[in-house]
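File shown: start19.cif. Contents: mmCIF, C-alpha atoms.
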data_model
#
loop_
_atom_site.label_atom_id
_atom_site.label_comp_id
_atom_site.auth_asym_id
_atom_site.auth_seq_id
_atom_site.Cartn_x
_atom_site.Cartn_y
_atom_site.Cartn_z
CA MET A 1 6.29 1.43 34.60
CA THR A 2 8.69 -1.38 33.87
CA THR A 3 10.79 -3.71 35.96
CA THR A 4 14.48 -3.80 35.21
CA ILE A 5 16.67 -6.67 36.38
CA GLU A 6 20.24 -5.37 36.57
CA THR A 7 22.89 -7.64 35.10
CA PRO A 8 20.88 -10.82 34.74
CA ASN A 9 23.23 -13.71 35.28
CA TYR A 10 22.10 -15.44 32.16
CA ALA A 11 21.54 -15.20 28.48
CA TYR A 12 20.64 -18.89 28.23
CA PRO A 13 20.34 -20.10 31.84
CA ALA A 14 20.12 -23.77 30.92
CA ARG A 15 23.49 -23.50 29.16
CA SER A 16 25.27 -21.43 31.81
CA ARG A 17 28.31 -22.72 33.65
CA GLY A 18 27.41 -25.28 36.27
CA ARG A 19 24.33 -26.42 34.40
CA ARG A 20 26.09 -28.11 31.52
CA GLY A 21 26.46 -31.85 31.50
CA MET A 22 23.97 -34.42 32.67
CA SER A 23 22.22 -34.62 36.01
CA PHE A 24 19.37 -36.81 37.22
CA GLU A 25 16.83 -34.01 36.90
CA LYS A 26 18.00 -33.06 33.42
CA ALA A 27 17.91 -36.68 32.29
CA GLY A 28 14.36 -36.85 33.68
CA TRP A 29 13.39 -33.66 31.83
CA ILE A 30 14.68 -35.09 28.54
CA PHE A 31 13.08 -38.48 29.23
CA MET A 32 9.65 -36.92 29.77
CA ARG A 33 9.79 -35.28 26.35
CA ALA A 34 11.29 -38.23 24.45
CA SER A 35 8.99 -40.82 26.04
CA GLY A 36 6.01 -38.49 25.65
CA VAL A 37 6.39 -38.33 21.87
CA VAL A 38 6.79 -42.12 21.60
CA LEU A 39 3.84 -42.70 23.97
CA LEU A 40 1.64 -40.43 21.83
CA VAL A 41 2.17 -42.80 18.88
CA LEU A 42 1.91 -46.02 20.95
CA ILE A 43 -1.20 -45.01 22.91
CA PHE A 44 -3.06 -43.44 19.99
CA GLY A 45 -2.35 -46.66 18.05
CA HIS A 46 -3.49 -48.77 21.05
CA LEU A 47 -6.75 -46.82 21.41
CA GLY A 48 -7.44 -46.69 17.68
CA TYR A 49 -6.80 -50.41 17.10
CA ASN A 50 -8.65 -51.69 20.20
CA LEU A 51 -11.56 -49.25 20.40
CA LEU A 52 -12.15 -47.79 16.93
CA TRP A 53 -10.83 -49.88 14.05
CA THR A 54 -11.74 -53.35 15.36
CA PRO A 55 -15.43 -54.05 14.66
CA GLY A 56 -17.34 -54.03 17.96
CA GLY A 57 -14.72 -51.86 19.71
CA ILE A 58 -14.92 -52.26 23.48
CA HIS A 59 -17.42 -55.14 23.12
CA ALA A 60 -14.90 -57.16 21.08
CA ILE A 61 -12.22 -57.04 23.80
CA ASP A 62 -11.99 -60.42 25.50
CA PHE A 63 -9.45 -63.20 26.04
CA GLY A 64 -9.72 -64.32 22.42
CA PHE A 65 -8.99 -60.82 21.07
CA VAL A 66 -6.13 -59.94 23.44
CA GLY A 67 -4.74 -63.48 23.33
CA GLY A 68 -4.63 -63.26 19.54
CA LYS A 69 -2.82 -59.92 19.72
CA LEU A 70 -0.26 -61.06 22.30
CA ALA A 71 0.56 -64.17 20.25
CA ASN A 72 2.09 -61.76 17.72
CA PRO A 73 5.62 -60.45 18.51
CA PHE A 74 4.72 -57.09 16.95
CA TRP A 75 2.00 -56.44 19.56
CA GLN A 76 4.09 -58.02 22.34
CA TRP A 77 6.85 -55.48 21.76
CA TRP A 78 4.34 -52.65 21.20
CA ASP A 79 2.68 -53.43 24.54
CA VAL A 80 5.90 -53.96 26.49
CA LEU A 81 7.41 -50.70 25.20
CA MET A 82 4.16 -48.93 26.03
CA LEU A 83 4.20 -50.50 29.53
CA TRP A 84 7.78 -49.46 30.34
CA LEU A 85 7.50 -45.94 28.94
CA SER A 86 4.07 -45.19 30.40
CA ILE A 87 4.92 -46.46 33.89
CA LEU A 88 8.24 -44.58 33.95
CA HIS A 89 6.67 -41.40 32.48
CA GLY A 90 3.71 -41.54 34.88
CA SER A 91 5.85 -42.36 37.92
CA ASN A 92 8.27 -39.53 37.16
CA GLY A 93 5.32 -37.16 36.80
CA MET A 94 3.95 -38.30 40.16
CA ARG A 95 7.44 -37.82 41.66
CA THR A 96 7.42 -34.22 40.44
CA ILE A 97 3.98 -33.61 41.95
CA VAL A 98 4.95 -35.20 45.29
CA ASN A 99 8.11 -33.06 45.40
CA ASP A 100 5.96 -29.97 44.73
CA TYR A 101 3.25 -30.55 47.32
CA VAL A 102 4.48 -32.93 50.04
CA HIS A 103 6.69 -30.91 52.37
CA ARG A 104 7.15 -33.17 55.41
CA PRO A 105 10.32 -35.19 54.71
CA ARG A 106 8.98 -38.44 56.17
CA THR A 107 5.68 -38.29 54.28
CA ARG A 108 7.51 -37.39 51.10
CA ALA A 109 9.90 -40.32 51.48
CA ILE A 110 6.98 -42.71 52.00
CA ALA A 111 5.14 -41.35 48.95
CA LEU A 112 8.23 -41.53 46.72
CA TRP A 113 8.98 -45.09 47.83
CA ALA A 114 5.37 -46.12 47.19
CA ILE A 115 5.56 -44.70 43.65
CA GLY A 116 8.88 -46.45 43.02
CA ILE A 117 7.74 -49.81 44.36
CA ALA A 118 4.46 -49.66 42.40
CA ALA A 119 6.43 -48.86 39.22
CA ALA A 120 8.88 -51.74 39.73
CA VAL A 121 6.14 -54.27 40.54
CA LEU A 122 3.98 -53.32 37.54
CA ILE A 123 6.87 -53.25 35.06
CA ILE A 124 8.15 -56.67 36.19
CA LEU A 125 4.64 -58.17 36.34
CA GLY A 126 3.60 -56.81 32.95
CA THR A 127 6.82 -57.78 31.17
CA LEU A 128 6.77 -61.35 32.56
CA ILE A 129 3.12 -61.78 31.60
CA THR A 130 3.61 -60.50 28.05
CA PHE A 131 6.45 -62.92 27.33
CA THR A 132 5.26 -66.01 29.27
CA PHE A 133 1.65 -65.73 28.11
CA ASP A 134 0.02 -68.83 26.55
CA PRO A 135 -2.83 -67.84 24.20
CA CYS A 136 -4.09 -71.46 24.15
CA PRO A 137 -3.98 -72.65 27.79
CA PRO A 138 -4.66 -76.39 28.16
CA ASN A 139 -8.03 -77.41 29.66
CA ALA A 140 -9.59 -74.02 28.83
CA ASP A 141 -13.02 -73.67 27.22
CA PRO A 142 -12.20 -73.62 23.44
CA ALA A 143 -15.02 -71.10 22.85
CA LEU A 144 -13.07 -68.49 24.85
CA LEU A 145 -9.76 -68.92 23.00
CA PRO A 146 -8.38 -67.26 19.86
CA SER A 147 -9.55 -69.09 16.71
CA PHE A 148 -6.05 -70.35 15.80
CA CYS A 149 -5.97 -72.51 18.96
CA ALA A 150 -8.33 -74.98 17.24
CA GLU A 151 -5.61 -75.80 14.69
CA LEU A 152 -3.10 -76.86 17.32
CA MET B 1 17.15 -11.44 23.42
CA SER B 2 20.81 -10.63 22.90
CA LYS B 3 23.49 -12.77 24.44
CA THR B 4 25.40 -9.71 25.54
CA ALA B 5 22.51 -7.89 27.22
CA SER B 6 23.64 -6.47 30.51
CA SER B 7 20.14 -5.83 31.75
CA LEU B 8 16.78 -7.33 31.07
CA THR B 9 13.76 -5.07 30.83
CA LEU B 10 10.34 -6.56 31.31
CA PRO B 11 7.05 -4.71 30.96
CA ASP B 12 4.77 -4.85 33.99
CA PRO B 13 2.27 -7.67 33.59
CA LYS B 14 -1.13 -6.20 32.74
CA PRO B 15 -3.85 -7.78 34.83
CA ARG B 16 -6.85 -8.70 32.73
CA THR B 17 -9.99 -6.84 33.63
CA THR B 18 -13.08 -8.96 33.59
CA THR B 19 -16.72 -8.39 34.45
CA PHE B 20 -16.06 -10.29 37.68
CA SER B 21 -13.59 -8.26 39.69
CA GLY B 22 -12.76 -10.44 42.65
CA THR B 23 -9.36 -11.11 44.11
CA LEU B 24 -9.13 -14.69 42.83
CA TYR B 25 -6.20 -15.21 40.45
CA ARG B 26 -7.70 -16.64 37.31
CA GLY B 27 -4.48 -16.97 35.36
CA ASN B 28 -4.24 -17.16 31.63
CA GLU B 29 -3.78 -19.91 29.06
CA GLY B 30 -0.37 -20.90 30.46
CA MET B 31 -1.71 -21.54 33.96
CA TRP B 32 -4.74 -23.48 32.75
CA SER B 33 -2.60 -25.61 30.47
CA TRP B 34 -0.38 -26.41 33.48
CA VAL B 35 -3.38 -27.21 35.72
CA LEU B 36 -5.02 -29.42 33.09
CA HIS B 37 -1.72 -31.22 32.40
CA ARG B 38 -1.36 -32.11 36.10
CA ILE B 39 -4.98 -33.17 36.62
CA THR B 40 -5.08 -35.33 33.47
CA GLY B 41 -1.63 -36.77 34.26
CA VAL B 42 -2.63 -37.90 37.77
CA ALA B 43 -5.93 -39.33 36.50
CA ILE B 44 -4.19 -41.29 33.72
CA TYR B 45 -1.54 -42.56 36.20
CA PHE B 46 -4.16 -44.11 38.49
CA PHE B 47 -6.01 -45.66 35.55
CA LEU B 48 -2.69 -47.06 34.30
CA LEU B 49 -2.10 -48.86 37.63
CA VAL B 50 -5.53 -50.50 37.37
CA HIS B 51 -5.17 -51.24 33.66
CA VAL B 52 -1.89 -53.14 34.05
CA LEU B 53 -3.45 -55.22 36.83
CA ASP B 54 -6.65 -56.01 34.91
CA THR B 55 -4.60 -57.01 31.86
CA ALA B 56 -2.47 -59.22 34.14
CA LEU B 57 -5.56 -61.40 34.66
CA ILE B 58 -4.94 -62.71 31.13
CA ARG B 59 -2.29 -64.92 32.76
CA VAL B 60 -4.81 -66.28 35.29
CA SER B 61 -7.57 -67.70 33.07
CA PRO B 62 -9.79 -66.72 30.12
CA GLU B 63 -12.78 -66.61 32.48
CA ALA B 64 -11.05 -64.25 34.96
CA TYR B 65 -9.99 -61.88 32.16
CA ASN B 66 -13.40 -61.88 30.47
CA ALA B 67 -15.11 -61.22 33.82
CA VAL B 68 -13.07 -58.08 34.47
CA MET B 69 -13.42 -56.91 30.84
CA ALA B 70 -17.20 -57.21 31.21
CA THR B 71 -17.09 -54.36 33.75
CA TYR B 72 -15.54 -52.09 31.08
CA LYS B 73 -18.51 -52.81 28.79
CA ASN B 74 -21.04 -51.36 31.24
CA PRO B 75 -22.59 -48.17 29.72
CA LEU B 76 -21.57 -46.07 32.73
CA MET B 77 -17.96 -47.24 32.31
CA GLY B 78 -18.31 -46.63 28.57
CA MET B 79 -19.00 -42.96 29.23
CA GLY B 80 -16.12 -42.88 31.71
CA GLU B 81 -13.91 -44.20 28.89
CA VAL B 82 -14.82 -41.13 26.81
CA VAL B 83 -13.60 -38.91 29.67
CA LEU B 84 -10.45 -41.02 30.04
CA VAL B 85 -9.63 -40.88 26.33
CA GLY B 86 -10.32 -37.13 26.42
CA ALA B 87 -7.78 -36.80 29.25
CA VAL B 88 -5.22 -38.87 27.29
CA VAL B 89 -5.72 -36.82 24.11
CA LEU B 90 -5.46 -33.52 26.00
CA HIS B 91 -2.34 -34.62 27.92
CA ALA B 92 -0.70 -35.89 24.71
CA LEU B 93 -1.36 -32.80 22.59
CA ASN B 94 -0.62 -30.37 25.41
CA GLY B 95 2.63 -32.30 25.91
CA VAL B 96 3.56 -31.62 22.29
CA ARG B 97 2.78 -27.93 22.91
CA ILE B 98 5.11 -27.96 25.95
CA ILE B 99 7.91 -29.48 23.86
CA LEU B 100 7.42 -26.84 21.15
CA VAL B 101 7.29 -23.98 23.68
CA ASP B 102 10.53 -25.24 25.27
CA ALA B 103 12.43 -25.79 22.04
CA TRP B 104 11.22 -23.22 19.54
CA PRO B 105 11.31 -19.48 20.25
CA TRP B 106 8.36 -18.81 17.93
CA ALA B 107 6.23 -21.22 19.96
CA THR B 108 7.39 -19.62 23.22
CA ARG B 109 6.13 -16.24 21.99
CA ASN B 110 2.89 -17.77 20.76
CA HIS B 111 2.17 -20.18 23.60
CA ARG B 112 -1.23 -18.63 24.24
CA PRO B 113 -2.73 -19.13 20.75
CA LEU B 114 -1.04 -22.57 20.71
CA PHE B 115 -3.10 -23.52 23.79
CA TRP B 116 -6.27 -22.82 21.78
CA VAL B 117 -4.89 -24.82 18.83
CA VAL B 118 -4.45 -27.74 21.26
CA MET B 119 -8.01 -27.33 22.55
CA GLY B 120 -9.33 -27.25 18.98
CA LEU B 121 -7.44 -30.45 18.07
CA VAL B 122 -8.73 -32.16 21.24
CA ILE B 123 -12.30 -31.27 20.29
CA ALA B 124 -11.74 -32.50 16.69
CA LEU B 125 -10.23 -35.85 17.80
CA MET B 126 -12.97 -36.36 20.40
CA ALA B 127 -15.61 -35.58 17.76
CA TYR B 128 -14.10 -38.54 15.83
CA PHE B 129 -13.74 -40.88 18.83
CA THR B 130 -16.88 -40.24 20.89
CA PRO B 131 -19.64 -41.25 18.43
CA MET B 132 -17.77 -44.38 17.28
CA HIS B 133 -17.10 -45.49 20.85
CA LEU B 134 -20.58 -44.72 22.18
CA ILE B 135 -22.21 -46.62 19.30
CA ASN B 136 -20.13 -49.66 20.37
CA VAL B 137 -20.96 -49.09 24.04
CA PHE B 138 -24.72 -48.89 23.48
CA SER B 139 -24.95 -51.63 20.82
CA PRO B 140 -26.42 -54.92 22.04
CA ILE B 141 -23.74 -57.59 22.42
CA GLU B 142 -24.07 -60.01 19.51
CA GLY B 143 -23.75 -63.65 20.43
CA GLY B 144 -21.00 -64.84 22.71
CA HIS B 145 -17.32 -64.60 22.06
#

Let me see the file written as structure tokens.
Amino acid sequence: MTTTIETPNYAYPARSRGRRGMSFEKAGWIFMRASGVVLLVLIFGHLGYNLLWTPGGIHAIDFGFVGGKLANPFWQWWDVLMLWLSILHGSNGMRTIVNDYVHRPRTRAIALWAIGIAAAVLIILGTLITFTFDPCPPNADPALLPSFCAEL
Amino acid sequence: MSKTASSLTLPDPKPRTTTFSGTLYRGNEGMWSWVLHRITGVAIYFFLLVHVLDTALIRVSPEAYNAVMATYKNPLMGMGEVVLVGAVVLHALNGVRIILVDAWPWATRNHRPLFWVVMGLVIALMAYFTPMHLINVFSPIEGGH
């Protein structure tokens, strides 16, 4: 036995009248795919550089290592782009899940606001820190700093 | 599918028969890919919140940052990092599969074998990552930094 849908109102539903043009949800759908591809490159590079290709891996991560990285504009922009895209991608994913499972309007509003506020705080905090960071803070123990601080 | 079709005929879905014949819906590759994508996504989101905050300590002082990084070097955390990286790799590659299934009719028809391609690639990448990371985790820390 088969099921027959008489006169389906679509050949390509996404392109049917009334669904053309941009809407918030469609922009979000496109953003998830575009940011996802970029994040794959950024995060695989982040994990490979920090955990695999630097001798010592996780044991080598300390102020000297990260300070040295963030003194370089290449890694500053890498990390800031990764921060913005990952927070927005993750927050939009959490928004989708809240919309799926949280049915009481008040609870849903609280959850969505919490996600939005967390995203704004972390993006602002992370961006400010990346660009105002001093890899050689005065009065710090020189043994903890990146090696180039000794030359200053 | 033709643009001018005036009706759409679908075959009845054939339920899979398994040795366990309960009433629980077990789904197929599509459902499990969806479930895994949600679970890994939520897990990565909560780690991301913590990870931005721990990195923010770099602005406080070298001592504060090194203290929080020391917790990531604990062997128990080291094994947790393998699970976390596994979740990231699965979410990333399954995300590529979702994009292909959405955009490319061939991939839509073959979404089930593509799920197993994703699982195979996850296993291959984790076979590369896990030994290298665990050797670092369980190596004695040489000197101070």

Restrict the distance test to all atoms listed in the file, flag each residue of chain A within 8 Å of chain B, and return the flagged residues as a ChimeraX atom specification.
-> /A:1-8,11-12,33,36-37,40,51-52,56-64,67,87,90-91,93-94,122,125-126,129,133-134,140,143-145

Report as a list in words the residues that result from applying the PyMOL selection byres ((chain A and resi 43-46) around 9) to the structure here.
->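 When the PyMOL selection byres ((chain A and resi 43-46) around 9) is applied to the shown file, the picked residues are Val38, Leu39, Leu40, Val41, Leu42, Leu47, Gly48, Tyr49, Asn50, Leu51, Trp78, Asp79 and Met82 of chain A; Val88 and Val89 of chain B.
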
Go through B:Ala103, B:Ala124, B:Arg112, B:Asn94 one by one, measure the shortest atom-to-atom distance of each to Gly27 in chain B using all atoms listed in the file, and give the residue with the smallest value.
->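 Closest candidate: B:Arg112.
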
Between CA of Leu84 in chain B and CA of His89 in chain A, what is the spacing in Å?
->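 Pair CA of His89 in chain A / CA of Leu84 in chain B returns 17.3 Å.
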
Do a neighbour search on Asp102 in chain B at 12 Å with only C-alpha atoms, toss out local chain neighbours closer than 5 positions, and write the hits as a list in words.
->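 Residues meeting the cut-off are Ala14, Trp29, Ile30 and Arg33 of chain A; Gly95, Val96, Arg97, Ala107, Thr108, Arg109, Asn110 and His111 of chain B.
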
So what do you get for CA of Ala118 in chain A versus CA of Thr71 in chain B, distance-wise?
->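 Distance reported for this atom pair: 23.7 Å.
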
Calculate how many Å separate CA of Tyr101 in chain A from CA of Gly116 in chain A, rounding to one decimal.
->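 Those two atoms sit 17.4 Å apart.
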
Any idea what's packed within 8 Å of Met119 in chain B, counting all atoms listed in the file, ignoring anything in its chain fewer than 4 positions away? Could you give it as an NGL selection string?
-> :B and (90 or 115 or 123)
